[in-house]
>>> print(open('data_7.txt').read())   # compact mmCIF, N, CA and C atoms
# COMPACT_ATOMS: atom_id res chain seq x y z
N MET A 1454 4.46 -6.10 -19.39
CA MET A 1454 4.21 -4.84 -18.74
C MET A 1454 4.42 -5.01 -17.25
N ARG A 1455 5.01 -3.99 -16.63
CA ARG A 1455 5.30 -4.04 -15.20
C ARG A 1455 4.98 -2.69 -14.57
N GLU A 1456 4.25 -2.73 -13.47
CA GLU A 1456 3.90 -1.51 -12.74
C GLU A 1456 4.29 -1.68 -11.28
N LEU A 1457 4.86 -0.63 -10.69
CA LEU A 1457 5.22 -0.62 -9.28
C LEU A 1457 4.56 0.57 -8.61
N LEU A 1458 4.11 0.38 -7.37
CA LEU A 1458 3.49 1.45 -6.60
C LEU A 1458 4.00 1.35 -5.17
N PHE A 1459 4.46 2.48 -4.63
CA PHE A 1459 4.93 2.53 -3.24
C PHE A 1459 4.17 3.62 -2.51
N LYS A 1460 3.74 3.32 -1.27
CA LYS A 1460 3.06 4.31 -0.42
C LYS A 1460 3.66 4.23 0.97
N ASN A 1461 3.79 5.39 1.60
CA ASN A 1461 4.28 5.47 2.97
C ASN A 1461 3.37 6.43 3.71
N SER A 1462 2.76 5.99 4.80
CA SER A 1462 1.88 6.87 5.56
C SER A 1462 2.25 6.83 7.03
N LEU A 1463 2.03 7.97 7.69
CA LEU A 1463 2.35 8.14 9.09
C LEU A 1463 1.14 8.76 9.78
N SER A 1464 0.76 8.23 10.94
CA SER A 1464 -0.40 8.77 11.65
C SER A 1464 -0.09 10.15 12.23
N CYS A 1465 -1.13 10.87 12.61
CA CYS A 1465 -0.96 12.23 13.14
C CYS A 1465 -0.13 12.25 14.43
N ASP A 1466 -0.33 11.26 15.29
CA ASP A 1466 0.44 11.22 16.54
C ASP A 1466 1.78 10.51 16.38
N LYS A 1467 2.11 10.11 15.16
CA LYS A 1467 3.39 9.49 14.79
C LYS A 1467 3.65 8.19 15.54
N LYS A 1468 2.60 7.49 15.94
CA LYS A 1468 2.76 6.21 16.62
C LYS A 1468 2.45 5.03 15.71
N ARG A 1469 2.09 5.32 14.47
CA ARG A 1469 1.75 4.25 13.53
C ARG A 1469 2.29 4.62 12.15
N SER A 1470 3.02 3.69 11.56
CA SER A 1470 3.58 3.92 10.24
C SER A 1470 3.24 2.72 9.36
N GLU A 1471 2.82 3.00 8.13
CA GLU A 1471 2.50 1.94 7.18
C GLU A 1471 3.32 2.12 5.91
N LEU A 1472 3.90 1.04 5.47
CA LEU A 1472 4.62 1.00 4.21
C LEU A 1472 3.88 0.03 3.30
N PHE A 1473 3.55 0.46 2.12
CA PHE A 1473 2.77 -0.37 1.20
C PHE A 1473 3.47 -0.42 -0.15
N GLN A 1474 3.60 -1.63 -0.68
CA GLN A 1474 4.24 -1.82 -1.98
C GLN A 1474 3.38 -2.78 -2.78
N THR A 1475 3.12 -2.44 -4.03
CA THR A 1475 2.39 -3.35 -4.90
C THR A 1475 3.10 -3.42 -6.24
N GLU A 1476 3.08 -4.60 -6.80
CA GLU A 1476 3.72 -4.83 -8.10
C GLU A 1476 2.76 -5.63 -8.97
N TYR A 1477 2.62 -5.18 -10.18
CA TYR A 1477 1.76 -5.83 -11.16
C TYR A 1477 2.65 -6.18 -12.34
N PHE A 1478 2.68 -7.47 -12.69
CA PHE A 1478 3.57 -7.93 -13.75
C PHE A 1478 2.77 -8.85 -14.67
N GLU A 1479 2.79 -8.55 -15.96
CA GLU A 1479 2.02 -9.32 -16.93
C GLU A 1479 2.97 -9.96 -17.95
N THR A 1480 2.80 -11.27 -18.14
CA THR A 1480 3.55 -12.00 -19.17
C THR A 1480 2.56 -12.53 -20.19
N GLU A 1481 3.06 -13.25 -21.14
CA GLU A 1481 2.15 -13.80 -22.17
C GLU A 1481 1.27 -14.91 -21.62
N ASN A 1482 1.68 -15.56 -20.51
CA ASN A 1482 0.90 -16.67 -19.96
C ASN A 1482 0.14 -16.34 -18.69
N SER A 1483 0.60 -15.34 -17.94
CA SER A 1483 0.00 -15.09 -16.63
C SER A 1483 0.10 -13.63 -16.23
N ILE A 1484 -0.63 -13.32 -15.16
CA ILE A 1484 -0.60 -12.00 -14.54
C ILE A 1484 -0.25 -12.21 -13.07
N LEU A 1485 0.79 -11.53 -12.62
CA LEU A 1485 1.24 -11.65 -11.23
C LEU A 1485 0.97 -10.33 -10.51
N ASN A 1486 0.28 -10.43 -9.38
CA ASN A 1486 0.00 -9.27 -8.54
C ASN A 1486 0.60 -9.55 -7.17
N PHE A 1487 1.52 -8.69 -6.72
CA PHE A 1487 2.23 -8.88 -5.47
C PHE A 1487 2.01 -7.64 -4.60
N GLU A 1488 1.48 -7.85 -3.38
CA GLU A 1488 1.23 -6.75 -2.45
C GLU A 1488 1.95 -7.04 -1.15
N LYS A 1489 2.60 -6.01 -0.61
CA LYS A 1489 3.30 -6.14 0.66
C LYS A 1489 2.98 -4.92 1.51
N LYS A 1490 2.50 -5.16 2.72
CA LYS A 1490 2.15 -4.08 3.63
C LYS A 1490 2.80 -4.36 4.98
N THR A 1491 3.57 -3.39 5.47
CA THR A 1491 4.21 -3.51 6.76
C THR A 1491 3.73 -2.37 7.64
N THR A 1492 3.27 -2.70 8.83
CA THR A 1492 2.75 -1.70 9.77
C THR A 1492 3.57 -1.77 11.06
N TYR A 1493 4.04 -0.60 11.49
CA TYR A 1493 4.76 -0.46 12.75
C TYR A 1493 3.90 0.39 13.69
N MET A 1494 3.61 -0.13 14.89
CA MET A 1494 2.81 0.61 15.87
C MET A 1494 3.59 0.70 17.18
N VAL A 1495 3.72 1.90 17.73
CA VAL A 1495 4.38 2.09 19.02
C VAL A 1495 3.36 1.75 20.10
N LYS A 1496 3.61 0.66 20.82
CA LYS A 1496 2.69 0.23 21.87
C LYS A 1496 3.01 0.88 23.21
N ASP A 1497 4.30 1.09 23.47
CA ASP A 1497 4.69 1.64 24.77
C ASP A 1497 6.05 2.31 24.64
N ILE A 1498 6.27 3.34 25.46
CA ILE A 1498 7.57 4.00 25.54
C ILE A 1498 8.00 3.94 27.00
N LEU A 1499 9.11 3.27 27.25
CA LEU A 1499 9.62 3.12 28.62
C LEU A 1499 10.87 3.98 28.76
N GLU A 1500 10.93 4.75 29.83
CA GLU A 1500 12.09 5.61 30.05
C GLU A 1500 12.79 5.17 31.33
N PHE A 1501 14.10 5.02 31.25
CA PHE A 1501 14.91 4.57 32.37
C PHE A 1501 15.90 5.67 32.74
N THR A 1502 16.13 5.84 34.06
CA THR A 1502 17.12 6.81 34.50
C THR A 1502 18.48 6.15 34.70
N ASP A 1503 18.46 4.84 34.94
CA ASP A 1503 19.71 4.10 35.17
C ASP A 1503 19.91 3.12 34.02
N ILE A 1504 21.09 3.10 33.45
CA ILE A 1504 21.39 2.23 32.31
C ILE A 1504 21.36 0.76 32.72
N PHE A 1505 21.66 0.46 33.99
CA PHE A 1505 21.65 -0.93 34.46
C PHE A 1505 20.23 -1.47 34.52
N ASP A 1506 19.27 -0.62 34.90
CA ASP A 1506 17.86 -1.04 34.89
C ASP A 1506 17.41 -1.36 33.47
N LEU A 1507 17.85 -0.55 32.52
CA LEU A 1507 17.51 -0.77 31.12
C LEU A 1507 18.05 -2.11 30.63
N GLU A 1508 19.31 -2.39 30.96
CA GLU A 1508 19.92 -3.66 30.54
C GLU A 1508 19.24 -4.84 31.22
N LEU A 1509 18.85 -4.69 32.47
CA LEU A 1509 18.15 -5.75 33.20
C LEU A 1509 16.79 -6.02 32.57
N TYR A 1510 16.07 -4.95 32.22
CA TYR A 1510 14.76 -5.11 31.57
C TYR A 1510 14.91 -5.85 30.24
N LEU A 1511 15.90 -5.49 29.45
CA LEU A 1511 16.12 -6.15 28.16
C LEU A 1511 16.52 -7.61 28.33
N ALA A 1512 17.32 -7.91 29.35
CA ALA A 1512 17.71 -9.30 29.61
C ALA A 1512 16.50 -10.14 29.99
N GLN A 1513 15.59 -9.57 30.81
CA GLN A 1513 14.38 -10.30 31.19
C GLN A 1513 13.48 -10.53 29.99
N LYS A 1514 13.34 -9.53 29.13
CA LYS A 1514 12.50 -9.66 27.93
C LYS A 1514 13.08 -10.69 26.97
N LYS A 1515 14.41 -10.76 26.92
CA LYS A 1515 15.05 -11.73 26.02
C LYS A 1515 14.77 -13.16 26.48
N LYS A 1516 14.71 -13.38 27.79
CA LYS A 1516 14.41 -14.71 28.31
C LYS A 1516 12.97 -15.12 28.01
N LYS A 1517 12.05 -14.15 28.06
CA LYS A 1517 10.63 -14.42 27.84
C LYS A 1517 10.22 -14.20 26.39
N GLU A 1518 11.17 -14.12 25.51
CA GLU A 1518 10.89 -13.74 24.12
C GLU A 1518 9.86 -14.68 23.47
N ILE A 1519 8.85 -14.07 22.88
CA ILE A 1519 7.79 -14.81 22.20
C ILE A 1519 8.09 -14.81 20.71
N PRO A 1520 8.10 -15.98 20.08
CA PRO A 1520 8.39 -16.00 18.64
C PRO A 1520 7.26 -15.34 17.85
N PRO A 1521 7.57 -14.84 16.67
CA PRO A 1521 6.52 -14.22 15.84
C PRO A 1521 5.45 -15.24 15.46
N GLN A 1522 4.22 -14.76 15.36
CA GLN A 1522 3.12 -15.60 14.90
C GLN A 1522 3.06 -15.49 13.38
N THR A 1523 3.00 -16.62 12.72
CA THR A 1523 2.99 -16.64 11.26
C THR A 1523 1.77 -17.42 10.77
N PHE A 1524 1.10 -16.84 9.77
CA PHE A 1524 -0.07 -17.47 9.17
C PHE A 1524 0.14 -17.52 7.66
N ILE A 1525 -0.12 -18.68 7.05
CA ILE A 1525 0.02 -18.84 5.60
C ILE A 1525 -1.24 -19.53 5.09
N VAL A 1526 -1.84 -18.94 4.05
CA VAL A 1526 -3.04 -19.49 3.44
C VAL A 1526 -2.80 -19.56 1.93
N LYS A 1527 -3.07 -20.71 1.35
CA LYS A 1527 -2.94 -20.87 -0.11
C LYS A 1527 -4.30 -21.29 -0.65
N ASN A 1528 -4.73 -20.60 -1.69
CA ASN A 1528 -6.04 -20.86 -2.28
C ASN A 1528 -5.88 -21.04 -3.79
N CYS A 1529 -6.29 -22.20 -4.31
CA CYS A 1529 -6.28 -22.47 -5.75
C CYS A 1529 -7.71 -22.46 -6.25
N ASP A 1530 -8.00 -21.59 -7.19
CA ASP A 1530 -9.33 -21.50 -7.78
C ASP A 1530 -9.21 -21.91 -9.25
N LYS A 1531 -9.64 -23.13 -9.55
CA LYS A 1531 -9.51 -23.65 -10.92
C LYS A 1531 -10.49 -22.98 -11.88
N ARG A 1532 -11.63 -22.57 -11.37
CA ARG A 1532 -12.61 -21.90 -12.24
C ARG A 1532 -12.10 -20.58 -12.78
N LYS A 1533 -11.50 -19.80 -11.90
CA LYS A 1533 -10.98 -18.49 -12.31
C LYS A 1533 -9.52 -18.56 -12.73
N ALA A 1534 -8.93 -19.74 -12.69
CA ALA A 1534 -7.52 -19.96 -13.04
C ALA A 1534 -6.62 -19.02 -12.24
N ARG A 1535 -6.75 -19.10 -10.91
CA ARG A 1535 -6.03 -18.17 -10.05
C ARG A 1535 -5.47 -18.91 -8.84
N ILE A 1536 -4.25 -18.57 -8.48
CA ILE A 1536 -3.63 -19.06 -7.26
C ILE A 1536 -3.35 -17.86 -6.37
N LYS A 1537 -3.79 -17.93 -5.12
CA LYS A 1537 -3.58 -16.82 -4.20
C LYS A 1537 -2.89 -17.34 -2.95
N ILE A 1538 -1.81 -16.68 -2.55
CA ILE A 1538 -1.07 -17.04 -1.34
C ILE A 1538 -1.04 -15.81 -0.44
N ILE A 1539 -1.45 -16.00 0.82
CA ILE A 1539 -1.45 -14.92 1.80
C ILE A 1539 -0.53 -15.31 2.95
N TYR A 1540 0.35 -14.39 3.31
CA TYR A 1540 1.33 -14.62 4.36
C TYR A 1540 1.25 -13.45 5.34
N LYS A 1541 1.05 -13.74 6.64
CA LYS A 1541 0.94 -12.68 7.63
C LYS A 1541 1.79 -13.03 8.84
N THR A 1542 2.53 -12.04 9.33
CA THR A 1542 3.39 -12.23 10.50
C THR A 1542 3.11 -11.13 11.52
N LEU A 1543 2.95 -11.52 12.77
CA LEU A 1543 2.77 -10.58 13.88
C LEU A 1543 3.94 -10.75 14.85
N SER A 1544 4.60 -9.66 15.21
CA SER A 1544 5.73 -9.76 16.14
C SER A 1544 5.86 -8.48 16.94
N HIS A 1545 6.70 -8.53 17.95
CA HIS A 1545 7.02 -7.36 18.78
C HIS A 1545 8.52 -7.13 18.73
N GLN A 1546 8.92 -5.86 18.71
CA GLN A 1546 10.33 -5.49 18.71
C GLN A 1546 10.56 -4.42 19.77
N HIS A 1547 11.76 -4.41 20.30
CA HIS A 1547 12.16 -3.40 21.28
C HIS A 1547 13.28 -2.57 20.65
N VAL A 1548 13.07 -1.27 20.58
CA VAL A 1548 14.06 -0.36 19.99
C VAL A 1548 14.58 0.54 21.11
N VAL A 1549 15.91 0.59 21.26
CA VAL A 1549 16.53 1.39 22.31
C VAL A 1549 17.12 2.65 21.69
N LEU A 1550 16.70 3.80 22.21
CA LEU A 1550 17.24 5.10 21.83
C LEU A 1550 17.64 5.83 23.11
N GLY A 1551 18.91 5.94 23.32
CA GLY A 1551 19.38 6.56 24.57
C GLY A 1551 18.97 5.72 25.75
N GLN A 1552 18.19 6.31 26.65
CA GLN A 1552 17.70 5.57 27.82
C GLN A 1552 16.20 5.32 27.73
N ARG A 1553 15.69 5.29 26.51
CA ARG A 1553 14.28 4.98 26.28
C ARG A 1553 14.15 3.71 25.44
N ILE A 1554 13.11 2.94 25.74
CA ILE A 1554 12.80 1.73 24.97
C ILE A 1554 11.44 1.93 24.34
N PHE A 1555 11.37 1.76 23.03
CA PHE A 1555 10.11 1.81 22.31
C PHE A 1555 9.68 0.38 22.03
N VAL A 1556 8.50 0.00 22.50
CA VAL A 1556 7.96 -1.33 22.25
C VAL A 1556 7.08 -1.22 21.01
N LEU A 1557 7.47 -1.92 19.95
CA LEU A 1557 6.78 -1.85 18.67
C LEU A 1557 6.04 -3.15 18.38
N LYS A 1558 4.86 -3.02 17.82
CA LYS A 1558 4.14 -4.17 17.27
C LYS A 1558 4.30 -4.07 15.75
N VAL A 1559 4.78 -5.14 15.15
CA VAL A 1559 5.04 -5.16 13.72
C VAL A 1559 4.13 -6.19 13.07
N VAL A 1560 3.39 -5.75 12.05
CA VAL A 1560 2.52 -6.64 11.29
C VAL A 1560 2.97 -6.58 9.84
N GLN A 1561 3.27 -7.74 9.29
CA GLN A 1561 3.66 -7.80 7.88
C GLN A 1561 2.67 -8.69 7.14
N PHE A 1562 2.15 -8.16 6.03
CA PHE A 1562 1.12 -8.84 5.25
C PHE A 1562 1.59 -8.90 3.81
N ILE A 1563 1.64 -10.10 3.25
CA ILE A 1563 2.06 -10.29 1.86
C ILE A 1563 0.99 -11.10 1.15
N ARG A 1564 0.57 -10.62 -0.02
CA ARG A 1564 -0.39 -11.35 -0.83
C ARG A 1564 0.18 -11.46 -2.24
N LYS A 1565 0.23 -12.69 -2.73
CA LYS A 1565 0.70 -12.96 -4.08
C LYS A 1565 -0.42 -13.66 -4.84
N THR A 1566 -0.81 -13.09 -5.97
CA THR A 1566 -1.88 -13.66 -6.78
C THR A 1566 -1.35 -13.90 -8.19
N VAL A 1567 -1.51 -15.12 -8.66
CA VAL A 1567 -1.13 -15.47 -10.03
C VAL A 1567 -2.39 -15.88 -10.77
N SER A 1568 -2.72 -15.16 -11.83
CA SER A 1568 -3.87 -15.47 -12.67
C SER A 1568 -3.36 -15.92 -14.02
N PHE A 1569 -3.86 -17.07 -14.46
CA PHE A 1569 -3.44 -17.61 -15.74
C PHE A 1569 -4.41 -17.17 -16.83
N LYS A 1570 -3.88 -16.96 -18.01
CA LYS A 1570 -4.72 -16.51 -19.12
C LYS A 1570 -5.50 -17.68 -19.70
N LYS A 1571 -6.52 -17.39 -20.48
CA LYS A 1571 -7.50 -18.38 -20.90
C LYS A 1571 -6.92 -19.51 -21.75
N GLN A 1572 -5.89 -19.25 -22.56
CA GLN A 1572 -5.38 -20.32 -23.40
C GLN A 1572 -4.73 -21.43 -22.58
N LEU A 1573 -4.35 -21.13 -21.32
CA LEU A 1573 -3.75 -22.16 -20.47
C LEU A 1573 -4.81 -23.01 -19.77
N LEU A 1574 -6.04 -22.57 -19.75
CA LEU A 1574 -7.09 -23.32 -19.07
C LEU A 1574 -7.29 -24.69 -19.70
N SER A 1575 -7.18 -24.78 -21.01
CA SER A 1575 -7.38 -26.06 -21.69
C SER A 1575 -6.24 -27.05 -21.38
N ALA A 1576 -5.07 -26.53 -21.02
CA ALA A 1576 -3.94 -27.40 -20.69
C ALA A 1576 -4.04 -27.95 -19.27
N ASN A 1577 -5.02 -27.49 -18.48
CA ASN A 1577 -5.25 -27.94 -17.11
C ASN A 1577 -3.99 -27.77 -16.25
N ILE A 1578 -3.45 -26.55 -16.21
CA ILE A 1578 -2.25 -26.23 -15.44
C ILE A 1578 -2.48 -26.36 -13.95
N LEU A 1579 -3.63 -25.91 -13.50
CA LEU A 1579 -3.90 -25.94 -12.06
C LEU A 1579 -4.24 -27.34 -11.64
>>> encode(input="data_7.txt", output="structure tokens")
Amino acid sequence: MRELLFKNSLSCDKKRSELFQTEYFETENSILNFEKKTTYMVKDILEFTDIFDLELYLAQKKKKEIPPQTFIVKNCDKRKARIKIIYKTLSHQHVVLGQRIFVLKVVQFIRKTVSFKKQLLSANIL
């Protein structure tokens, strides 16, 4: 059996957007639950009158570019026969539209859970 669910939400001021996806998949040996949530937040809107100032600003930001922060957690629970992996990334992006720059904060969260059925517990899979 396989189930998919997709959600898309936008805040009232349109400065925050969330995309949510979940998948539930069941086999004869295990149950897989996969969740993915991506959030885009507009942190700042910069407007330039001169295209050269815009290019200079982007060149300076490129030199100071901060790599995305990534966090990974893996949890094995032998009692409940479950493996859970959590992956989270925080980053910033610059989007150029005309002579405006939108500074976005992007958060991506992924959770994968694998639960094994009871007949596998005796085989000591974990």
>>> atom_distance(input="data_7.txt", atom1="CA of Asp1497 in chain A", atom2="CA of Val1548 in chain A")
10.7 Å
>>> closest_residue(input="data_7.txt", among="A:Ile1525, A:Leu1507, A:Met1454, A:Val1559", to="Glu1481 in chain A", atoms="all atoms listed in the file")
A:Met1454
>>> select_by_dssp(input="data_7.txt", residues="chain A", states="strand (DSSP E or B)", output="ChimeraX atom specification")
/A:1455-1463,1469-1479,1483-1500,1522-1530,1535-1550,1553-1569
>>> closest_residue(input="data_7.txt", among="A:Arg1553, A:Arg1564, A:Lys1517, A:Lys1558", to="Ile1536 in chain A", atoms="only C-alpha atoms")
A:Arg1564
>>> closest_residue(input="data_7.txt", among="A:Gln1552, A:Ser1483, A:Thr1491, A:Ser1568", to="Tyr1540 in chain A", atoms="only C-alpha atoms")
A:Thr1491
>>> atom_distance(input="data_7.txt", atom1="CA of Lys1527 in chain A", atom2="atom N of Lys1565 in chain A")
9.2 Å
>>> residues_near_point(input="data_7.txt", point="(0.0, -16.6, 16.6)", cutoff="12 Å", atoms="only C-alpha atoms", output="NGL selection string")
:A and (1519-1525 or 1541-1545 or 1560)
>>> atom_distance(input="data_7.txt", atom1="CA of Glu1508 in chain A", atom2="atom N of Met1494 in chain A")
22.9 Å
>>> select_by_dssp(input="data_7.txt", residues="range 1458-1576 of chain A", states="helix (DSSP H, G or I)", output="list of chain:residue names")
A:Ile1504, A:Phe1505, A:Asp1506, A:Leu1507, A:Glu1508, A:Leu1509, A:Tyr1510, A:Leu1511, A:Ala1512, A:Gln1513, A:Lys1514, A:Lys1515, A:Lys1516, A:Lys1571, A:Gln1572, A:Leu1573, A:Leu1574, A:Ser1575, A:Ala1576
>>> residues_near_point(input="data_7.txt", point="(3.2, -11.6, -8.4)", cutoff="7 Å", atoms="all atoms listed in the file", output="MDAnalysis selection string")
chainID A and resid 1476:1478 1484:1488 1564:1567
>>> closest_residue(input="data_7.txt", among="A:Ser1470, A:Ser1464, A:Gln1546, A:Thr1475", to="Leu1511 in chain A", atoms="only C-alpha atoms")
A:Gln1546
>>> closest_residue(input="data_7.txt", among="A:Ile1504, A:Asp1530, A:Gln1561, A:Leu1457", to="Lys1490 in chain A", atoms="all atoms listed in the file")
A:Gln1561
>>> decode(input="data_7.txt", residues="range 1544-1574 of chain A", atoms="N, CA and C atoms", output="PDB file, in the first residue's frame")
ATOM      1  N   SER A1544      19.726  27.673   4.595  1.00  0.00           N
ATOM      2  CA  SER A1544      20.542  28.423   3.636  1.00  0.00           C
ATOM      3  C   SER A1544      19.862  29.736   3.275  1.00  0.00           C
ATOM      4  N   HIS A1545      20.593  30.588   2.594  1.00  0.00           N
ATOM      5  CA  HIS A1545      20.072  31.855   2.091  1.00  0.00           C
ATOM      6  C   HIS A1545      20.262  31.894   0.579  1.00  0.00           C
ATOM      7  N   GLN A1546      19.290  32.468  -0.118  1.00  0.00           N
ATOM      8  CA  GLN A1546      19.362  32.612  -1.569  1.00  0.00           C
ATOM      9  C   GLN A1546      19.003  34.045  -1.936  1.00  0.00           C
ATOM     10  N   HIS A1547      19.563  34.494  -3.037  1.00  0.00           N
ATOM     11  CA  HIS A1547      19.256  35.823  -3.565  1.00  0.00           C
ATOM     12  C   HIS A1547      18.577  35.633  -4.922  1.00  0.00           C
ATOM     13  N   VAL A1548      17.383  36.193  -5.056  1.00  0.00           N
ATOM     14  CA  VAL A1548      16.620  36.084  -6.298  1.00  0.00           C
ATOM     15  C   VAL A1548      16.511  37.481  -6.897  1.00  0.00           C
ATOM     16  N   VAL A1549      16.896  37.607  -8.168  1.00  0.00           N
ATOM     17  CA  VAL A1549      16.868  38.900  -8.850  1.00  0.00           C
ATOM     18  C   VAL A1549      15.676  38.931  -9.795  1.00  0.00           C
ATOM     19  N   LEU A1550      14.829  39.948  -9.624  1.00  0.00           N
ATOM     20  CA  LEU A1550      13.700  40.204 -10.511  1.00  0.00           C
ATOM     21  C   LEU A1550      13.775  41.669 -10.929  1.00  0.00           C
ATOM     22  N   GLY A1551      14.126  41.887 -12.154  1.00  0.00           N
ATOM     23  CA  GLY A1551      14.296  43.268 -12.625  1.00  0.00           C
ATOM     24  C   GLY A1551      15.440  43.922 -11.891  1.00  0.00           C
ATOM     25  N   GLN A1552      15.141  45.013 -11.186  1.00  0.00           N
ATOM     26  CA  GLN A1552      16.169  45.705 -10.401  1.00  0.00           C
ATOM     27  C   GLN A1552      15.932  45.542  -8.904  1.00  0.00           C
ATOM     28  N   ARG A1553      15.264  44.460  -8.542  1.00  0.00           N
ATOM     29  CA  ARG A1553      15.033  44.139  -7.134  1.00  0.00           C
ATOM     30  C   ARG A1553      15.688  42.805  -6.793  1.00  0.00           C
ATOM     31  N   ILE A1554      16.196  42.729  -5.565  1.00  0.00           N
ATOM     32  CA  ILE A1554      16.783  41.488  -5.054  1.00  0.00           C
ATOM     33  C   ILE A1554      15.953  41.054  -3.857  1.00  0.00           C
ATOM     34  N   PHE A1555      15.482  39.815  -3.897  1.00  0.00           N
ATOM     35  CA  PHE A1555      14.766  39.227  -2.780  1.00  0.00           C
ATOM     36  C   PHE A1555      15.732  38.310  -2.038  1.00  0.00           C
ATOM     37  N   VAL A1556      15.945  38.579  -0.760  1.00  0.00           N
ATOM     38  CA  VAL A1556      16.814  37.738   0.067  1.00  0.00           C
ATOM     39  C   VAL A1556      15.911  36.711   0.749  1.00  0.00           C
ATOM     40  N   LEU A1557      16.124  35.438   0.433  1.00  0.00           N
ATOM     41  CA  LEU A1557      15.292  34.358   0.939  1.00  0.00           C
ATOM     42  C   LEU A1557      16.057  33.514   1.940  1.00  0.00           C
ATOM     43  N   LYS A1558      15.368  33.096   2.979  1.00  0.00           N
ATOM     44  CA  LYS A1558      15.895  32.085   3.892  1.00  0.00           C
ATOM     45  C   LYS A1558      15.168  30.791   3.545  1.00  0.00           C
ATOM     46  N   VAL A1559      15.923  29.750   3.285  1.00  0.00           N
ATOM     47  CA  VAL A1559      15.355  28.474   2.877  1.00  0.00           C
ATOM     48  C   VAL A1559      15.684  27.429   3.942  1.00  0.00           C
ATOM     49  N   VAL A1560      14.643  26.751   4.428  1.00  0.00           N
ATOM     50  CA  VAL A1560      14.809  25.681   5.406  1.00  0.00           C
ATOM     51  C   VAL A1560      14.214  24.419   4.799  1.00  0.00           C
ATOM     52  N   GLN A1561      15.028  23.380   4.737  1.00  0.00           N
ATOM     53  CA  GLN A1561      14.542  22.101   4.214  1.00  0.00           C
ATOM     54  C   GLN A1561      14.687  21.049   5.309  1.00  0.00           C
ATOM     55  N   PHE A1562      13.594  20.335   5.555  1.00  0.00           N
ATOM     56  CA  PHE A1562      13.528  19.350   6.627  1.00  0.00           C
ATOM     57  C   PHE A1562      13.044  18.034   6.032  1.00  0.00           C
ATOM     58  N   ILE A1563      13.823  16.978   6.222  1.00  0.00           N
ATOM     59  CA  ILE A1563      13.456  15.651   5.708  1.00  0.00           C
ATOM     60  C   ILE A1563      13.528  14.665   6.865  1.00  0.00           C
ATOM     61  N   ARG A1564      12.473  13.875   7.012  1.00  0.00           N
ATOM     62  CA  ARG A1564      12.457  12.832   8.033  1.00  0.00           C
ATOM     63  C   ARG A1564      12.063  11.522   7.356  1.00  0.00           C
ATOM     64  N   LYS A1565      12.891  10.511   7.557  1.00  0.00           N
ATOM     65  CA  LYS A1565      12.628   9.181   7.017  1.00  0.00           C
ATOM     66  C   LYS A1565      12.575   8.203   8.188  1.00  0.00           C
ATOM     67  N   THR A1566      11.463   7.487   8.296  1.00  0.00           N
ATOM     68  CA  THR A1566      11.284   6.526   9.376  1.00  0.00           C
ATOM     69  C   THR A1566      10.988   5.160   8.771  1.00  0.00           C
ATOM     70  N   VAL A1567      11.760   4.168   9.177  1.00  0.00           N
ATOM     71  CA  VAL A1567      11.539   2.792   8.745  1.00  0.00           C
ATOM     72  C   VAL A1567      11.200   1.976   9.979  1.00  0.00           C
ATOM     73  N   SER A1568      10.013   1.381   9.995  1.00  0.00           N
ATOM     74  CA  SER A1568       9.579   0.520  11.093  1.00  0.00           C
ATOM     75  C   SER A1568       9.484  -0.901  10.566  1.00  0.00           C
ATOM     76  N   PHE A1569      10.119  -1.813  11.281  1.00  0.00           N
ATOM     77  CA  PHE A1569      10.107  -3.209  10.868  1.00  0.00           C
ATOM     78  C   PHE A1569       8.973  -3.941  11.569  1.00  0.00           C
ATOM     79  N   LYS A1570       8.400  -4.892  10.878  1.00  0.00           N
ATOM     80  CA  LYS A1570       7.279  -5.647  11.447  1.00  0.00           C
ATOM     81  C   LYS A1570       7.790  -6.696  12.430  1.00  0.00           C
ATOM     82  N   LYS A1571       6.909  -7.220  13.250  1.00  0.00           N
ATOM     83  CA  LYS A1571       7.287  -8.044  14.393  1.00  0.00           C
ATOM     84  C   LYS A1571       8.012  -9.331  14.022  1.00  0.00           C
ATOM     85  N   GLN A1572       7.705  -9.945  12.874  1.00  0.00           N
ATOM     86  CA  GLN A1572       8.363 -11.200  12.553  1.00  0.00           C
ATOM     87  C   GLN A1572       9.856 -11.017  12.302  1.00  0.00           C
ATOM     88  N   LEU A1573      10.283  -9.772  12.002  1.00  0.00           N
ATOM     89  CA  LEU A1573      11.707  -9.516  11.775  1.00  0.00           C
ATOM     90  C   LEU A1573      12.461  -9.272  13.081  1.00  0.00           C
ATOM     91  N   LEU A1574      11.763  -9.030  14.159  1.00  0.00           N
ATOM     92  CA  LEU A1574      12.425  -8.759  15.431  1.00  0.00           C
ATOM     93  C   LEU A1574      13.238  -9.957  15.899  1.00  0.00           C
TER      94      LEU A1574
END
